[in-house]
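> Handing you a structure now.
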Amino acid sequence: MDVSDKTTHICVVDVEGRAVRRDIVASDPDALAKWLNRHCPDLVRVVLETGTLSTFLYHGLVERGVTVECICARHVKGVLSARVNKSDVHDAEGLAQLARTGWYKRVHMKASATHIDRAALRIRSQLITARTSMANQLRGLLKLFGLRIGTARTPGRRAERLTALYTQRPDLKALFAPLIASMEAIEEQLRASNRLLNERAKADEVCTRLMSVPGVGPITALTFTSTIEDPHRFARSDDVGAYAGLVPRRSQSGERDTNGHISKAGDPMLRRALYEAANVALSQVKRPFAFSSGEGKWPKPKAPSVPERPLHGSSPHYFIRFG
């Protein structure tokens with residue numbers, strides 16, 4: 001089945017690879033299941049490639065008892081590119097031949113609850129992108145009038161800085177009001193999205209266990225669990241790194257064998273979450289907690305006792321401290 005937004009091209013082949021039937025059906029699981037049950041009584045396997053409607057059609061066909069598998073679109077593209085002319089009819093026939101031979105890479109289809117978590121994470125990411133874009137736009141426009149907002153990472157600090165800047169240019173307050181109101185609305189929705197994700201992470205036992213790791217919060221934990229979903233589908237734990245695209249890309253042919261940068265073949269949202277968690281874990285500084293007179297105080301760090309070495313061996317007057 002070659003799926004598009006409105007219609008789906010279907011091609012049925014027999015065991016010898018001959019096309020026995022072609023048709024165009026609406027991209028709806030109910031319509032597709034009825035067509036397959038009517039025209040394919042000896043149906044063995046149905047394949048469709050990954051796309052925007054693949055999850056909806058896959059779960060809908062499975063609920064109606066159709067043996068369907070979703071295959072990797074990148075793999076399909078490499079196979080279908082052998083044809084000179086590309087069309088929906090040829091693509092459907094190529095997918096049918098892949099289903100007959102079994103030479104394809106099956107894609108794990110996540111459950112509906114997992115897609116809800118991933119949708120919430122993507123909405124949060126989009127809100128952050130919009131807020132950052134508006135904040136950068138505000139800074140750039142203020143510089144046109146010689147005003148600098150400075151460090152304002154919180155809405156309260158930003159409001160204080162804008163109030164101070166408006167005293168210099170009162171005519172700009174009405175000009176920037178729509179942009180400021182939009183930023184405040186996005187920040188309110190972002191806080192609501194964070195509360196929702198925190199609640200979903202706390203309700204999940206695996207996420208709660210992952211959040212016990214230093215540097216891992218509810219967003220990283222929920223991103224990891226929603227991406228991996230079923231750990232039993234990995235034969236080894238090392239395969240998770242390759243699935244996330246965090247292994248070197250290898251290019252080998254004859255005497256040439258090169259290991260390049262990471263492949264980035266997996267989910268970018270998962271890689272970004274793991275980067276942030278690793279950065280937090282590596283940048284954490286732990287110091288002993290000392291008690292003095294019943295109050296907890298951080299001890300003052302002592303300068304390391306590092307011997308002084310001469311910067312130039314011939315002159316004893318130039319020294320540099322290492323450490």
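All residue names refer to the structure tokens as shown: chains lettered A, B, ... in order, residues numbered from 1 in each chain, ligands numbered from 1 in order.
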Please identify all polymer residues within 10 Å of Ser4 in chain A, counting only C-alpha atoms, omitting same-chain residues fewer than 6 positions from it, and present them as a PyMOL selection string.
chain A and resi 26-27+51-54+88
> Find the nearest atom pair between each residue of range 221-293 of chain A and range 190-213 of chain A for residues within 8 Å, count only C-alpha atoms, give distances in Å to one decimal, sort rows by chain and ascending number, and present the table as a Markdown table.

```
| residue | atom | partner | partner_atom | distance |
| --- | --- | --- | --- | --- |
| A:Ala221 | CA | A:Cys207 | CA | 5.1 |
| A:Leu222 | CA | A:Ala201 | CA | 5.9 |
| A:Thr225 | CA | A:Cys207 | CA | 7.0 |
```
> Extract the full set of strand (DSSP E or B) residues from range 114-272 of chain A according to DSSP on the backbone, and format it as a list in words.
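The strand (DSSP E or B) residues within range 114-272 of chain A come out as Pro248, Arg249, Arg250, Ser251, Gln252, Ser253, Arg256, Asp257, Thr258, Asn259, Gly260, His261 and Ile262 of chain A.
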> As a ChimeraX atom specification, please: all residues of range 120-181 of chain A that backbone DSSP puts in alpha helix (DSSP H).
/A:120-144,155-168,173-181
> Atoms to include: N, CA and C atoms. Write the selected residues as a compact mmCIF listing (two decimals), in the first residue's frame.

```
# COMPACT_ATOMS: atom_id res chain seq x y z
N ALA A 120 3.11 15.46 23.44
CA ALA A 120 3.26 16.49 24.48
C ALA A 120 4.69 17.02 24.52
N LEU A 121 5.68 16.16 24.32
CA LEU A 121 7.07 16.60 24.31
C LEU A 121 7.36 17.49 23.10
N ARG A 122 6.80 17.16 21.96
CA ARG A 122 7.02 17.97 20.76
C ARG A 122 6.33 19.34 20.89
N ILE A 123 5.17 19.36 21.51
CA ILE A 123 4.49 20.64 21.73
C ILE A 123 5.33 21.53 22.63
N ARG A 124 5.88 20.94 23.68
CA ARG A 124 6.75 21.73 24.57
C ARG A 124 7.97 22.25 23.82
N SER A 125 8.57 21.42 23.00
CA SER A 125 9.73 21.85 22.22
C SER A 125 9.37 22.99 21.28
N GLN A 126 8.20 22.92 20.67
CA GLN A 126 7.78 23.99 19.77
C GLN A 126 7.53 25.29 20.52
N LEU A 127 6.98 25.19 21.72
CA LEU A 127 6.75 26.39 22.53
C LEU A 127 8.08 27.04 22.91
N ILE A 128 9.06 26.22 23.26
CA ILE A 128 10.38 26.76 23.61
C ILE A 128 11.01 27.44 22.41
N THR A 129 10.88 26.84 21.24
CA THR A 129 11.44 27.44 20.03
C THR A 129 10.78 28.78 19.73
N ALA A 130 9.46 28.85 19.87
CA ALA A 130 8.76 30.11 19.62
C ALA A 130 9.15 31.18 20.63
N ARG A 131 9.27 30.79 21.90
CA ARG A 131 9.66 31.77 22.92
C ARG A 131 11.07 32.30 22.67
N THR A 132 11.99 31.42 22.33
CA THR A 132 13.36 31.84 22.06
C THR A 132 13.42 32.77 20.86
N SER A 133 12.65 32.45 19.81
CA SER A 133 12.64 33.29 18.62
C SER A 133 12.10 34.68 18.94
N MET A 134 11.04 34.75 19.75
CA MET A 134 10.48 36.05 20.12
C MET A 134 11.43 36.84 21.01
N ALA A 135 12.12 36.15 21.92
CA ALA A 135 13.08 36.84 22.78
C ALA A 135 14.23 37.43 21.97
N ASN A 136 14.72 36.66 21.00
CA ASN A 136 15.78 37.18 20.14
C ASN A 136 15.29 38.35 19.29
N GLN A 137 14.05 38.25 18.83
CA GLN A 137 13.48 39.36 18.06
C GLN A 137 13.37 40.61 18.91
N LEU A 138 12.98 40.46 20.16
CA LEU A 138 12.87 41.61 21.06
C LEU A 138 14.22 42.26 21.28
N ARG A 139 15.24 41.45 21.51
CA ARG A 139 16.59 42.01 21.73
C ARG A 139 17.08 42.75 20.49
N GLY A 140 16.85 42.14 19.32
CA GLY A 140 17.32 42.79 18.10
C GLY A 140 16.61 44.09 17.81
N LEU A 141 15.31 44.14 18.05
CA LEU A 141 14.57 45.38 17.78
C LEU A 141 14.93 46.47 18.77
N LEU A 142 15.19 46.11 20.02
CA LEU A 142 15.58 47.12 21.00
C LEU A 142 16.93 47.74 20.65
N LYS A 143 17.82 46.92 20.08
CA LYS A 143 19.14 47.46 19.74
C LYS A 143 19.06 48.48 18.60
N LEU A 144 17.99 48.43 17.81
CA LEU A 144 17.82 49.44 16.77
C LEU A 144 17.70 50.84 17.36
N PRO A 155 10.62 36.03 33.43
CA PRO A 155 9.65 37.08 33.05
C PRO A 155 9.69 38.29 33.97
N GLY A 156 9.91 38.08 35.28
CA GLY A 156 9.98 39.21 36.19
C GLY A 156 11.16 40.11 35.91
N ARG A 157 12.32 39.50 35.67
CA ARG A 157 13.51 40.29 35.34
C ARG A 157 13.33 41.02 34.01
N ARG A 158 12.69 40.39 33.05
CA ARG A 158 12.46 41.04 31.76
C ARG A 158 11.54 42.23 31.92
N ALA A 159 10.50 42.08 32.75
CA ALA A 159 9.58 43.21 32.96
C ALA A 159 10.29 44.38 33.63
N GLU A 160 11.19 44.10 34.58
CA GLU A 160 11.94 45.18 35.23
C GLU A 160 12.83 45.91 34.23
N ARG A 161 13.51 45.16 33.39
CA ARG A 161 14.39 45.79 32.42
C ARG A 161 13.60 46.61 31.40
N LEU A 162 12.45 46.09 30.97
CA LEU A 162 11.64 46.84 30.01
C LEU A 162 11.08 48.11 30.62
N THR A 163 10.70 48.05 31.89
CA THR A 163 10.21 49.26 32.56
C THR A 163 11.29 50.32 32.61
N ALA A 164 12.52 49.89 32.90
CA ALA A 164 13.63 50.85 32.94
C ALA A 164 13.93 51.41 31.55
N LEU A 165 13.82 50.57 30.51
CA LEU A 165 14.09 51.05 29.16
C LEU A 165 12.98 51.96 28.64
N TYR A 166 11.74 51.71 29.06
CA TYR A 166 10.63 52.55 28.61
C TYR A 166 10.72 53.97 29.18
N THR A 167 11.42 54.13 30.30
CA THR A 167 11.61 55.48 30.83
C THR A 167 12.47 56.33 29.89
N GLN A 168 13.35 55.65 29.13
CA GLN A 168 14.17 56.38 28.16
C GLN A 168 13.42 56.64 26.86
N LYS A 173 6.72 51.68 24.20
CA LYS A 173 5.93 50.76 25.02
C LYS A 173 4.75 50.19 24.23
N ALA A 174 4.03 51.02 23.53
CA ALA A 174 2.90 50.53 22.74
C ALA A 174 3.36 49.73 21.53
N LEU A 175 4.55 50.03 21.04
CA LEU A 175 5.06 49.32 19.87
C LEU A 175 5.38 47.86 20.20
N PHE A 176 6.01 47.66 21.38
CA PHE A 176 6.42 46.31 21.75
C PHE A 176 5.36 45.56 22.55
N ALA A 177 4.23 46.16 22.82
CA ALA A 177 3.19 45.52 23.64
C ALA A 177 2.69 44.21 23.02
N PRO A 178 2.40 44.13 21.71
CA PRO A 178 1.94 42.85 21.16
C PRO A 178 2.97 41.73 21.29
N LEU A 179 4.25 42.06 21.08
CA LEU A 179 5.29 41.04 21.19
C LEU A 179 5.43 40.55 22.63
N ILE A 180 5.39 41.47 23.59
CA ILE A 180 5.51 41.09 24.99
C ILE A 180 4.31 40.25 25.42
N ALA A 181 3.11 40.63 24.98
CA ALA A 181 1.92 39.86 25.33
C ALA A 181 1.97 38.45 24.74
```
> Report, in Å to a single decimal, how far apart CA of Thr154 in chain A and CA of Pro268 in chain A are.
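Here the two named atoms are 27.3 Å from each other.
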> Identify which of the residues A:Val47, A:Met269, A:Ala119, A:Leu147 lies closest to Lys105 in chain A, counting only C-alpha atoms when measuring atom-to-atom distances.
A:Val47
> Pick out the closest residue to Gly65 in chain A from this set: A:Gln97, A:Ser237, A:Thr151, A:Asn37. Count only C-alpha atoms.
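Answer, going by the shortest atom-to-atom distance: A:Asn37.
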